[in-house]
Every structure is written in C-alpha cells, then in structure tokens.
file data13.txt (compact mmCIF, C-alpha atoms)
# COMPACT_ATOMS: atom_id res chain seq x y z
CA MET R 70 -18.20 -36.58 21.46
CA PHE R 71 -15.85 -34.10 19.80
CA ARG R 72 -15.79 -32.91 16.21
CA ARG R 73 -13.34 -34.60 13.88
CA PRO R 74 -11.03 -32.84 11.42
CA ARG R 75 -12.51 -32.17 7.99
CA GLU R 76 -11.60 -34.93 5.56
CA THR R 77 -9.06 -34.25 2.84
CA GLU R 78 -10.02 -37.17 0.58
CA PRO R 79 -13.36 -38.64 -0.55
CA ASP R 80 -14.84 -41.44 1.54
CA ARG R 81 -15.05 -44.93 0.02
CA LEU R 82 -18.86 -44.89 -0.18
CA SER R 83 -18.88 -41.70 -2.23
CA ILE R 84 -16.02 -42.90 -4.44
CA LYS R 85 -18.00 -46.00 -5.34
CA LEU R 86 -21.04 -43.92 -6.27
CA ARG R 87 -18.94 -41.37 -8.15
CA ASP R 88 -17.45 -44.13 -10.30
CA ALA R 89 -20.85 -45.71 -10.96
CA LEU R 90 -22.31 -42.39 -12.09
CA GLN R 91 -19.33 -41.04 -14.06
CA PRO R 92 -19.41 -38.45 -15.68
CA LEU R 93 -22.53 -37.10 -13.95
CA ALA R 94 -21.92 -34.51 -11.24
CA VAL R 95 -22.57 -36.10 -7.81
CA ILE R 96 -22.97 -34.36 -4.44
CA PRO R 97 -22.89 -36.35 -1.16
CA TRP R 98 -25.74 -35.18 1.08
CA GLY R 99 -27.10 -35.80 4.57
CA PRO R 100 -24.85 -37.86 6.86
CA LEU R 101 -22.20 -38.38 4.15
CA ALA R 102 -21.77 -34.62 3.77
CA MET R 103 -21.71 -34.06 7.52
CA CYS R 104 -19.14 -36.81 8.11
CA TYR R 105 -16.84 -35.24 5.52
CA LEU R 106 -17.01 -31.92 7.37
CA GLY R 107 -16.19 -33.50 10.74
CA VAL R 108 -19.52 -34.14 12.45
CA PRO R 109 -18.94 -37.30 14.58
CA ILE R 110 -21.68 -39.62 13.31
CA ALA R 111 -21.26 -43.05 14.88
CA ALA R 112 -22.94 -45.14 12.19
CA LEU R 113 -24.32 -44.52 8.71
CA TRP R 114 -27.66 -46.16 8.01
CA ALA R 115 -27.84 -44.96 4.40
CA SER R 116 -25.88 -43.13 1.72
CA MET R 117 -27.52 -40.00 0.29
CA ILE R 118 -26.43 -38.31 -2.93
CA VAL R 119 -27.81 -35.55 -5.15
CA VAL R 120 -27.68 -35.12 -8.91
CA GLN R 121 -28.98 -32.36 -11.14
CA ASP R 122 -32.60 -32.76 -12.18
CA ASP R 123 -31.72 -33.36 -15.83
CA ASP R 124 -29.41 -36.22 -14.77
CA TYR R 125 -31.84 -37.92 -12.38
CA THR R 126 -33.26 -40.51 -14.78
CA ALA R 127 -29.81 -41.27 -16.22
CA ALA R 128 -28.45 -41.69 -12.68
CA ILE R 129 -31.13 -44.25 -11.84
CA GLU R 130 -30.30 -46.21 -14.99
CA ARG R 131 -26.53 -46.12 -14.29
CA LEU R 132 -27.00 -47.33 -10.72
CA GLU R 133 -29.19 -50.20 -11.88
CA ARG R 134 -26.58 -51.19 -14.47
CA ALA R 135 -23.98 -51.13 -11.67
CA GLY R 136 -25.98 -53.73 -9.72
CA PHE R 137 -27.97 -51.51 -7.35
CA ASP R 138 -31.51 -52.81 -6.86
CA ARG R 139 -34.37 -50.26 -6.89
CA THR R 140 -36.49 -50.84 -3.81
CA GLY R 141 -38.38 -49.06 -1.05
CA PRO R 142 -37.01 -47.60 2.17
CA ASN R 143 -36.34 -50.07 4.97
CA ARG R 144 -37.07 -48.43 8.31
CA ALA R 145 -38.08 -51.59 10.16
CA PRO R 146 -36.91 -51.61 13.78
CA ALA R 147 -34.78 -54.45 15.13
CA PRO R 148 -36.42 -57.90 14.80
CA GLU R 149 -36.82 -58.26 18.56
CA ILE R 150 -38.84 -55.03 18.66
CA MET R 151 -41.02 -56.12 15.76
CA GLU R 152 -41.64 -59.50 17.39
CA ASP R 153 -42.77 -57.96 20.68
CA HIS R 154 -45.08 -55.36 19.15
CA PRO R 155 -48.79 -56.29 19.02
CA ASN R 156 -49.15 -54.84 15.50
CA PRO R 157 -45.75 -54.56 13.80
CA GLN R 158 -47.23 -53.63 10.42
CA GLN R 159 -49.11 -50.71 11.91
CA MET R 160 -45.96 -49.58 13.69
CA LEU R 161 -44.00 -49.63 10.42
CA GLU R 162 -46.75 -47.72 8.62
CA GLU R 163 -46.69 -45.06 11.32
CA ILE R 164 -42.92 -44.74 11.02
CA ASN R 165 -43.05 -44.41 7.23
CA ALA R 166 -45.88 -41.87 7.43
CA GLY R 167 -43.38 -39.32 8.67
CA PHE R 168 -41.34 -39.65 5.48
CA LYS R 169 -44.06 -39.65 2.80
CA ARG R 170 -42.85 -36.59 0.94
CA LEU R 171 -39.24 -37.78 1.11
CA ASP R 172 -40.16 -41.21 -0.24
CA ARG R 173 -42.06 -39.91 -3.23
CA SER R 174 -39.25 -37.49 -4.10
CA CYS R 175 -36.27 -39.85 -4.35
CA ALA R 176 -35.12 -43.23 -5.63
CA VAL R 177 -34.02 -45.82 -3.06
CA PHE R 178 -31.67 -48.71 -3.81
CA ASP R 179 -30.24 -51.72 -2.05
CA TYR R 180 -26.51 -52.15 -2.53
CA PRO R 181 -25.42 -54.99 -4.86
CA HIS R 182 -25.45 -58.51 -3.48
CA GLY R 183 -22.13 -59.31 -1.83
CA ASP R 184 -21.19 -55.65 -1.44
CA PRO R 185 -19.61 -54.72 1.93
CA GLU R 186 -22.43 -52.17 2.32
CA LYS R 187 -25.16 -54.74 1.63
CA ASP R 188 -26.98 -53.78 4.87
CA MET R 189 -27.18 -50.10 3.84
CA GLN R 190 -29.46 -48.37 1.38
CA LEU R 191 -28.77 -45.60 -1.11
CA TYR R 192 -31.03 -42.56 -1.48
CA LEU R 193 -30.76 -40.65 -4.76
CA PHE R 194 -32.26 -37.14 -4.84
CA PRO R 195 -32.86 -34.65 -7.64
CA ASP R 196 -31.56 -31.20 -6.83
CA SER R 197 -35.07 -29.71 -6.88
CA PHE R 198 -35.57 -31.56 -3.58
CA ALA R 199 -32.15 -31.00 -1.97
CA HIS R 200 -31.29 -27.47 -3.23
CA VAL R 201 -27.54 -28.00 -3.13
CA PHE R 202 -26.47 -27.27 -6.71
CA GLN R 203 -26.61 -23.65 -7.81
CA GLU R 204 -28.07 -22.60 -11.16
CA ASP R 205 -27.45 -26.04 -12.70
CA ILE R 206 -23.69 -25.97 -12.03
CA PRO R 207 -21.73 -26.88 -8.90
CA ARG R 208 -21.08 -24.04 -6.47
CA PRO R 209 -17.79 -22.09 -6.55
CA PRO R 210 -14.66 -23.57 -4.92
CA ALA R 211 -15.25 -21.60 -1.70
CA GLU R 212 -18.42 -23.65 -1.17
CA MET R 213 -17.32 -27.03 -2.59
CA ASN R 214 -14.39 -29.44 -2.49
CA THR R 215 -14.23 -31.23 -5.82
CA TYR R 216 -12.74 -34.61 -6.75
CA GLY R 217 -13.49 -35.23 -10.40
CA ASN R 218 -17.26 -35.45 -10.77
CA LEU R 219 -17.69 -35.68 -6.97
CA HIS R 220 -18.46 -32.40 -5.20
CA TYR R 221 -18.55 -32.17 -1.40
CA PRO R 222 -20.51 -29.12 -0.19
CA LEU R 223 -18.90 -27.16 2.63
CA GLU R 224 -20.59 -25.87 5.78
CA GLN R 225 -22.58 -22.94 4.43
CA ALA R 226 -23.79 -24.84 1.38
CA VAL R 227 -24.92 -27.81 3.49
CA VAL R 228 -26.78 -25.69 6.05
CA GLU R 229 -28.46 -23.68 3.28
CA SER R 230 -29.52 -26.90 1.57
CA PHE R 231 -30.95 -28.42 4.77
CA ALA R 232 -32.76 -25.18 5.64
CA LYS R 233 -34.39 -24.91 2.20
CA ALA R 234 -35.42 -28.57 2.35
CA ALA R 235 -36.88 -28.01 5.84
CA VAL R 236 -38.87 -24.99 4.65
CA ASP R 237 -40.27 -27.06 1.76
CA GLU R 238 -41.21 -29.88 4.13
CA GLU R 239 -42.97 -27.64 6.64
CA THR R 240 -44.78 -25.76 3.88
CA GLU R 241 -46.10 -28.91 2.18
CA THR R 242 -46.43 -31.32 5.10
CA GLY R 243 -46.25 -29.49 8.41
CA PHE R 244 -44.69 -31.45 11.24
CA SER R 245 -42.98 -34.69 10.11
CA ALA R 246 -40.20 -37.07 11.02
CA TRP R 247 -38.28 -35.98 7.92
CA GLY R 248 -38.55 -32.34 8.94
CA GLN R 249 -37.27 -33.23 12.40
CA SER R 250 -34.34 -35.10 10.83
CA LEU R 251 -33.33 -31.97 8.92
CA ARG R 252 -33.56 -29.92 12.12
CA ALA R 253 -31.39 -32.45 13.94
CA TRP R 254 -28.75 -32.31 11.21
CA ILE R 255 -28.56 -28.52 11.36
CA SER R 256 -28.35 -28.74 15.16
CA LEU R 257 -25.41 -31.15 14.89
CA MET R 258 -23.64 -28.85 12.46
CA SER R 259 -24.29 -25.79 14.65
CA GLY R 260 -22.91 -27.66 17.63
CA TYR R 261 -19.83 -29.32 16.21
CA LEU R 262 -18.78 -27.10 13.30
CA GLU R 263 -18.04 -23.42 12.84
CA VAL R 264 -21.62 -22.73 11.79
CA ASP R 265 -22.61 -19.47 13.48
CA ASN R 266 -25.38 -16.90 13.18
CA ASP R 267 -23.91 -15.49 9.98
CA ALA R 268 -23.91 -18.85 8.15
CA LEU R 269 -26.68 -17.82 5.73
CA ASP R 270 -26.01 -14.10 5.51
CA HIS R 271 -25.03 -14.60 1.85
CA CYS R 272 -28.19 -16.55 0.96
CA PRO R 273 -30.71 -14.74 -1.30
CA ASP R 274 -33.56 -17.01 -0.15
CA GLN R 275 -35.01 -14.88 2.65
CA GLN R 276 -37.47 -17.58 3.68
CA ALA R 277 -34.62 -20.00 4.40
CA VAL R 278 -32.63 -17.25 6.15
CA GLU R 279 -35.57 -16.37 8.41
CA TRP R 280 -36.31 -20.04 9.19
CA CYS R 281 -32.69 -20.70 10.14
CA SER R 282 -32.50 -17.52 12.25
CA ARG R 283 -35.72 -18.40 14.06
CA ASN R 284 -34.66 -21.96 14.83
CA PHE R 285 -30.86 -21.76 15.15
CA GLY R 286 -29.63 -18.20 14.67
CA ARG R 287 -30.07 -14.61 15.77
CA ILE R 288 -33.82 -14.67 16.48
CA ARG R 289 -33.50 -17.79 18.59
CA GLU R 290 -30.44 -16.48 20.42
CA ALA R 291 -32.18 -13.20 21.26
CA LYS R 292 -35.04 -15.17 22.79
CA PHE R 293 -33.24 -18.05 24.51
CA GLY R 294 -29.57 -17.06 24.67
CA PRO R 295 -26.61 -18.75 22.92
CA PHE R 296 -26.37 -22.52 22.48
CA ASP R 297 -24.65 -24.37 25.31
CA ARG R 298 -21.89 -26.43 23.67
CA ARG R 299 -20.33 -27.76 26.86
CA ILE R 300 -19.67 -31.50 27.06
CA SER R 301 -20.77 -33.34 30.18
CA LYS R 302 -22.93 -36.25 31.21
CA ARG R 303 -24.81 -33.81 33.42
CA LEU R 304 -24.61 -30.11 32.61
CA GLY R 305 -24.28 -27.97 35.74
CA SER R 306 -22.57 -30.72 37.70
CA GLY R 307 -19.27 -28.85 37.70
CA LYS R 308 -17.68 -31.74 35.83
CA GLU R 309 -17.90 -30.30 32.33
CA MET R 310 -14.89 -30.82 30.10
CA PRO R 311 -12.53 -27.85 29.56
CA VAL R 312 -13.36 -27.74 25.82
CA ASP R 313 -16.67 -27.51 24.01
CA MET R 314 -18.16 -29.67 21.24
CA ARG R 315 -16.05 -27.83 18.65
CA GLY R 316 -12.83 -28.48 20.57
CA ASN R 317 -12.51 -24.84 21.62
CA PRO R 318 -11.34 -24.04 25.19
CA ILE R 319 -14.09 -22.90 27.51

call {"tool": "encode", "arguments": {"input": "data13.txt", "output": "structure tokens"}}
result
Amino acid sequence: MFRRPRETEPDRLSIKLRDALQPLAVIPWGPLAMCYLGVPIAALWASMIVVQDDDYTAAIERLERAGFDRTGPNRAPAPEIMEDHPNPQQMLEEINAGFKRLDRSCAVFDYPHGDPEKDMQLYLFPDSFAHVFQEDIPRPPAEMNTYGNLHYPLEQAVVESFAKAAVDEETETGFSAWGQSLRAWISLMSGYLEVDNDALDHCPDQQAVEWCSRNFGRIREAKFGPFDRRISKRLGSGKEMPVDMRGNPI
C-alpha cells in the first residue's frame, strides 16, 4: 500500500464528534489522526479523541446527551472464532488483559442507535493519558490544523504523543497489547510519512526522545541500519516496486 495525500478537510467522524462536543477543544487521536495525515488504514474499528483534562467530565456528559451510550470495550473476535474456541470467555479475558491500563483511563461509548457508525465504538481520552495538548492550549499552527474547535495534530505532534503514551505504558505495565499498538502506529507513520530521525529533536521530554530513538530513530539505525521501505510481496525477489512506501523513487 502507498501513503495517501494529507487531508485538507475534517473527516465525517470527527465532524460529528466536534459538533457534539462544541465548544470544547477536540483532538482526533490514534487511527483518526493517522488517516488524516495519509497513513493508508483499511478499516477503522473505533474513533479516538482527546480533550483537556478539565473538559473530560463535561465531554462525557455531552456525548451522553447526544445519544452515545457509555459501555465497555468490545474486542470480541468474529462469532465463528468464538464458537470454535473451547473457552471463549477466557480468550476474551486474555485479550482484554493487554489493555487494562487503557480501559481504566478512558471512557468508551457505543454510537447512537441507527447511526451509520453503529458497529464502531468511541474512545474518549483525557490529555493526561494521550499527551497531545500542550500546556492546556492547542499546539501552535505548525503542529496543528484547526477547524473550529477541532484540532488535527500533525506528524511531529502525533509521534510525540504516541511515544509519551508508550513510555507511560511500559513504565506502569511493562509489555502489553496496548503498548504494542502504540509501537505499530509509530512504525506505520515512520514507514508511510515523512517521519525521520529528527522527528522529536524539538521535544523537551528526553525520556520520550530516547525511547523513540532506541526503537525507531538514530540508536536503532546505528545498530540495525535504516528501515527498508521497499514495497514487494517478497523483499529480495527483484520484483520490488520502483517507489517506496512514501511514494518516493527508489
């Protein structure tokens, strides 16, 4: 898959949430943020948004008034998998165990009945978990695209946010499925977008800078060499495409 162009308008999912939470400042996060920037995500399983900590309780109340139903995360595999498993409840508990810290740190909602997104869920995070606002106000224009009260973080802000969240997860939990999800998101951004070794050079959080360098940046590159962004069903077959994941000529 190739990267897509960065969007120039808000997506319909974020617009709906922006309107429901008006005038609170809202930041799309996770897959929504990556899709806006051009990462080719085939299907969204949930919407994720961030509000400032002081707005978190008010945001929950506004979403409930808009018809969103507060619930728990639904990570159940397809029915045919559940039916064939000898202990489906145990399997689901094991899946959810990898997201314990995530689940106790956010509010999860089902979309309103009859909504086109009725099969999706909404995850609402306070900024103390996501680290995407800056000093209680949205980041400067160079790091955000703003549409009213909706603020899309750009590449550096998203990577910094994911890295800080990953550091928090590893510090408090160790290895987890949520931590691996954050790693996968940064890997996608490093592959498809212009996210290079200098992405966090501006970041004052040295712990996040070191973590990102060790896993995706200069420290990793010095040890293993640069990332291979070629596109092929079988790398080394001689049938790689003439452009890489970012669309740049090889």

call {"tool": "closest_residue", "arguments": {"input": "data13.txt", "among": "R:His220, R:His154, R:Arg134, R:Arg287", "to": "Leu101 (chain R)", "atoms": "only C-alpha atoms"}}
result
R:His220

call {"tool": "closest_residue", "arguments": {"input": "data13.txt", "among": "R:Tyr192, R:Phe71, R:Phe137, R:Phe168", "to": "Ala246 (chain R)", "atoms": "all atoms listed in the file"}}
result
R:Phe168

call {"tool": "residues_around", "arguments": {"input": "data13.txt", "residues": "region 142-145 of chain R", "least_positions_apart": "6", "cutoff": "8 Å", "atoms": "all atoms listed in the file", "output": "PDB file with C-alpha atoms, in the coordinates of the input"}}
result
ATOM      1  CA  MET R 151     -41.020 -56.120  15.760  1.00  0.00           C
ATOM      2  CA  LEU R 161     -44.000 -49.630  10.420  1.00  0.00           C
ATOM      3  CA  ILE R 164     -42.920 -44.740  11.020  1.00  0.00           C
ATOM      4  CA  ASN R 165     -43.050 -44.410   7.230  1.00  0.00           C
ATOM      5  CA  ASP R 172     -40.160 -41.210  -0.240  1.00  0.00           C
ATOM      6  CA  VAL R 177     -34.020 -45.820  -3.060  1.00  0.00           C
ATOM      7  CA  GLN R 190     -29.460 -48.370   1.380  1.00  0.00           C
TER       8      GLN R 190
END

call {"tool": "residues_around", "arguments": {"input": "data13.txt", "residues": "Ile84 (chain R)", "least_positions_apart": "6", "cutoff": "10 Å", "atoms": "all atoms listed in the file", "output": "PyMOL selection string"}}
result
chain R and resi 78+90+216+218-219

call {"tool": "atom_distance", "arguments": {"input": "data13.txt", "atom1": "CA of Ala89 (chain R)", "atom2": "CA of Pro181 (chain R)"}}
result
12.0 Å

call {"tool": "atom_distance", "arguments": {"input": "data13.txt", "atom1": "CA of Pro273 (chain R)", "atom2": "CA of Ala235 (chain R)"}}
result
16.3 Å

call {"tool": "closest_residue", "arguments": {"input": "data13.txt", "among": "R:Thr215, R:Ala291, R:Ile300, R:Leu191", "to": "Trp114 (chain R)", "atoms": "all atoms listed in the file"}}
result
R:Leu191

call {"tool": "atom_distance", "arguments": {"input": "data13.txt", "atom1": "CA of Val201 (chain R)", "atom2": "CA of Phe296 (chain R)"}}
result
26.2 Å

call {"tool": "decode", "arguments": {"input": "data13.txt", "residues": "region 101-129 of chain R", "atoms": "N, CA and C atoms", "output": "PDB file, in the first residue's frame"}}
result
ATOM      1  N   LEU R 101      -7.695   7.831  13.619  1.00  0.00           N
ATOM      2  CA  LEU R 101      -8.276   9.027  13.003  1.00  0.00           C
ATOM      3  C   LEU R 101      -7.186  10.038  12.649  1.00  0.00           C
ATOM      4  N   ALA R 102      -6.266  10.251  13.568  1.00  0.00           N
ATOM      5  CA  ALA R 102      -5.183  11.205  13.319  1.00  0.00           C
ATOM      6  C   ALA R 102      -4.270  10.716  12.204  1.00  0.00           C
ATOM      7  N   MET R 103      -3.983   9.415  12.193  1.00  0.00           N
ATOM      8  CA  MET R 103      -3.091   8.874  11.169  1.00  0.00           C
ATOM      9  C   MET R 103      -3.737   8.914   9.786  1.00  0.00           C
ATOM     10  N   CYS R 104      -5.022   8.611   9.714  1.00  0.00           N
ATOM     11  CA  CYS R 104      -5.733   8.678   8.430  1.00  0.00           C
ATOM     12  C   CYS R 104      -5.692  10.092   7.858  1.00  0.00           C
ATOM     13  N   TYR R 105      -5.885  11.083   8.702  1.00  0.00           N
ATOM     14  CA  TYR R 105      -5.852  12.473   8.246  1.00  0.00           C
ATOM     15  C   TYR R 105      -4.506  12.807   7.614  1.00  0.00           C
ATOM     16  N   LEU R 106      -3.427  12.269   8.181  1.00  0.00           N
ATOM     17  CA  LEU R 106      -2.087  12.566   7.705  1.00  0.00           C
ATOM     18  C   LEU R 106      -1.698  11.778   6.462  1.00  0.00           C
ATOM     19  N   GLY R 107      -2.466  10.720   6.139  1.00  0.00           N
ATOM     20  CA  GLY R 107      -2.192   9.976   4.918  1.00  0.00           C
ATOM     21  C   GLY R 107      -1.783   8.536   5.096  1.00  0.00           C
ATOM     22  N   VAL R 108      -1.753   8.041   6.337  1.00  0.00           N
ATOM     23  CA  VAL R 108      -1.452   6.627   6.547  1.00  0.00           C
ATOM     24  C   VAL R 108      -2.614   5.798   6.005  1.00  0.00           C
ATOM     25  N   PRO R 109      -2.356   4.824   5.120  1.00  0.00           N
ATOM     26  CA  PRO R 109      -3.450   4.060   4.490  1.00  0.00           C
ATOM     27  C   PRO R 109      -3.998   2.969   5.404  1.00  0.00           C
ATOM     28  N   ILE R 110      -4.921   3.336   6.261  1.00  0.00           N
ATOM     29  CA  ILE R 110      -5.569   2.377   7.160  1.00  0.00           C
ATOM     30  C   ILE R 110      -6.835   1.874   6.477  1.00  0.00           C
ATOM     31  N   ALA R 111      -6.927   0.560   6.306  1.00  0.00           N
ATOM     32  CA  ALA R 111      -8.014  -0.021   5.514  1.00  0.00           C
ATOM     33  C   ALA R 111      -9.371   0.130   6.190  1.00  0.00           C
ATOM     34  N   ALA R 112      -9.424  -0.061   7.497  1.00  0.00           N
ATOM     35  CA  ALA R 112     -10.717  -0.013   8.185  1.00  0.00           C
ATOM     36  C   ALA R 112     -10.527   0.523   9.597  1.00  0.00           C
ATOM     37  N   LEU R 113     -11.429   1.388  10.015  1.00  0.00           N
ATOM     38  CA  LEU R 113     -11.408   1.915  11.371  1.00  0.00           C
ATOM     39  C   LEU R 113     -12.314   1.066  12.255  1.00  0.00           C
ATOM     40  N   TRP R 114     -11.768   0.589  13.361  1.00  0.00           N
ATOM     41  CA  TRP R 114     -12.582  -0.203  14.292  1.00  0.00           C
ATOM     42  C   TRP R 114     -13.129   0.652  15.429  1.00  0.00           C
ATOM     43  N   ALA R 115     -12.551   1.847  15.600  1.00  0.00           N
ATOM     44  CA  ALA R 115     -13.022   2.746  16.656  1.00  0.00           C
ATOM     45  C   ALA R 115     -12.554   4.160  16.354  1.00  0.00           C
ATOM     46  N   SER R 116     -13.310   5.130  16.859  1.00  0.00           N
ATOM     47  CA  SER R 116     -12.881   6.531  16.829  1.00  0.00           C
ATOM     48  C   SER R 116     -12.209   6.840  18.157  1.00  0.00           C
ATOM     49  N   MET R 117     -11.107   7.589  18.122  1.00  0.00           N
ATOM     50  CA  MET R 117     -10.431   8.008  19.345  1.00  0.00           C
ATOM     51  C   MET R 117     -10.266   9.516  19.323  1.00  0.00           C
ATOM     52  N   ILE R 118     -10.649  10.169  20.409  1.00  0.00           N
ATOM     53  CA  ILE R 118     -10.488  11.615  20.517  1.00  0.00           C
ATOM     54  C   ILE R 118      -9.956  11.958  21.900  1.00  0.00           C
ATOM     55  N   VAL R 119      -9.340  13.142  21.989  1.00  0.00           N
ATOM     56  CA  VAL R 119      -8.741  13.614  23.234  1.00  0.00           C
ATOM     57  C   VAL R 119      -9.318  14.984  23.574  1.00  0.00           C
ATOM     58  N   VAL R 120      -9.601  15.192  24.849  1.00  0.00           N
ATOM     59  CA  VAL R 120      -9.993  16.505  25.344  1.00  0.00           C
ATOM     60  C   VAL R 120      -9.087  16.869  26.513  1.00  0.00           C
ATOM     61  N   GLN R 121      -9.050  18.143  26.859  1.00  0.00           N
ATOM     62  CA  GLN R 121      -8.265  18.563  28.004  1.00  0.00           C
ATOM     63  C   GLN R 121      -8.848  17.958  29.276  1.00  0.00           C
ATOM     64  N   ASP R 122      -7.996  17.745  30.258  1.00  0.00           N
ATOM     65  CA  ASP R 122      -8.424  17.075  31.486  1.00  0.00           C
ATOM     66  C   ASP R 122      -9.615  17.770  32.142  1.00  0.00           C
ATOM     67  N   ASP R 123      -9.581  19.099  32.164  1.00  0.00           N
ATOM     68  CA  ASP R 123     -10.668  19.847  32.811  1.00  0.00           C
ATOM     69  C   ASP R 123     -11.990  19.703  32.066  1.00  0.00           C
ATOM     70  N   ASP R 124     -11.940  19.287  30.798  1.00  0.00           N
ATOM     71  CA  ASP R 124     -13.156  19.131  29.992  1.00  0.00           C
ATOM     72  C   ASP R 124     -13.650  17.687  29.936  1.00  0.00           C
ATOM     73  N   TYR R 125     -12.931  16.774  30.557  1.00  0.00           N
ATOM     74  CA  TYR R 125     -13.221  15.342  30.381  1.00  0.00           C
ATOM     75  C   TYR R 125     -14.622  14.973  30.874  1.00  0.00           C
ATOM     76  N   THR R 126     -14.972  15.390  32.078  1.00  0.00           N
ATOM     77  CA  THR R 126     -16.300  15.061  32.613  1.00  0.00           C
ATOM     78  C   THR R 126     -17.393  15.720  31.779  1.00  0.00           C
ATOM     79  N   ALA R 127     -17.199  16.973  31.394  1.00  0.00           N
ATOM     80  CA  ALA R 127     -18.192  17.657  30.564  1.00  0.00           C
ATOM     81  C   ALA R 127     -18.328  16.971  29.214  1.00  0.00           C
ATOM     82  N   ALA R 128     -17.230  16.470  28.664  1.00  0.00           N
ATOM     83  CA  ALA R 128     -17.293  15.777  27.370  1.00  0.00           C
ATOM     84  C   ALA R 128     -18.113  14.497  27.478  1.00  0.00           C
ATOM     85  N   ILE R 129     -17.939  13.756  28.553  1.00  0.00           N
ATOM     86  CA  ILE R 129     -18.737  12.546  28.758  1.00  0.00           C
ATOM     87  C   ILE R 129     -20.217  12.896  28.798  1.00  0.00           C
TER      88      ILE R 129
END
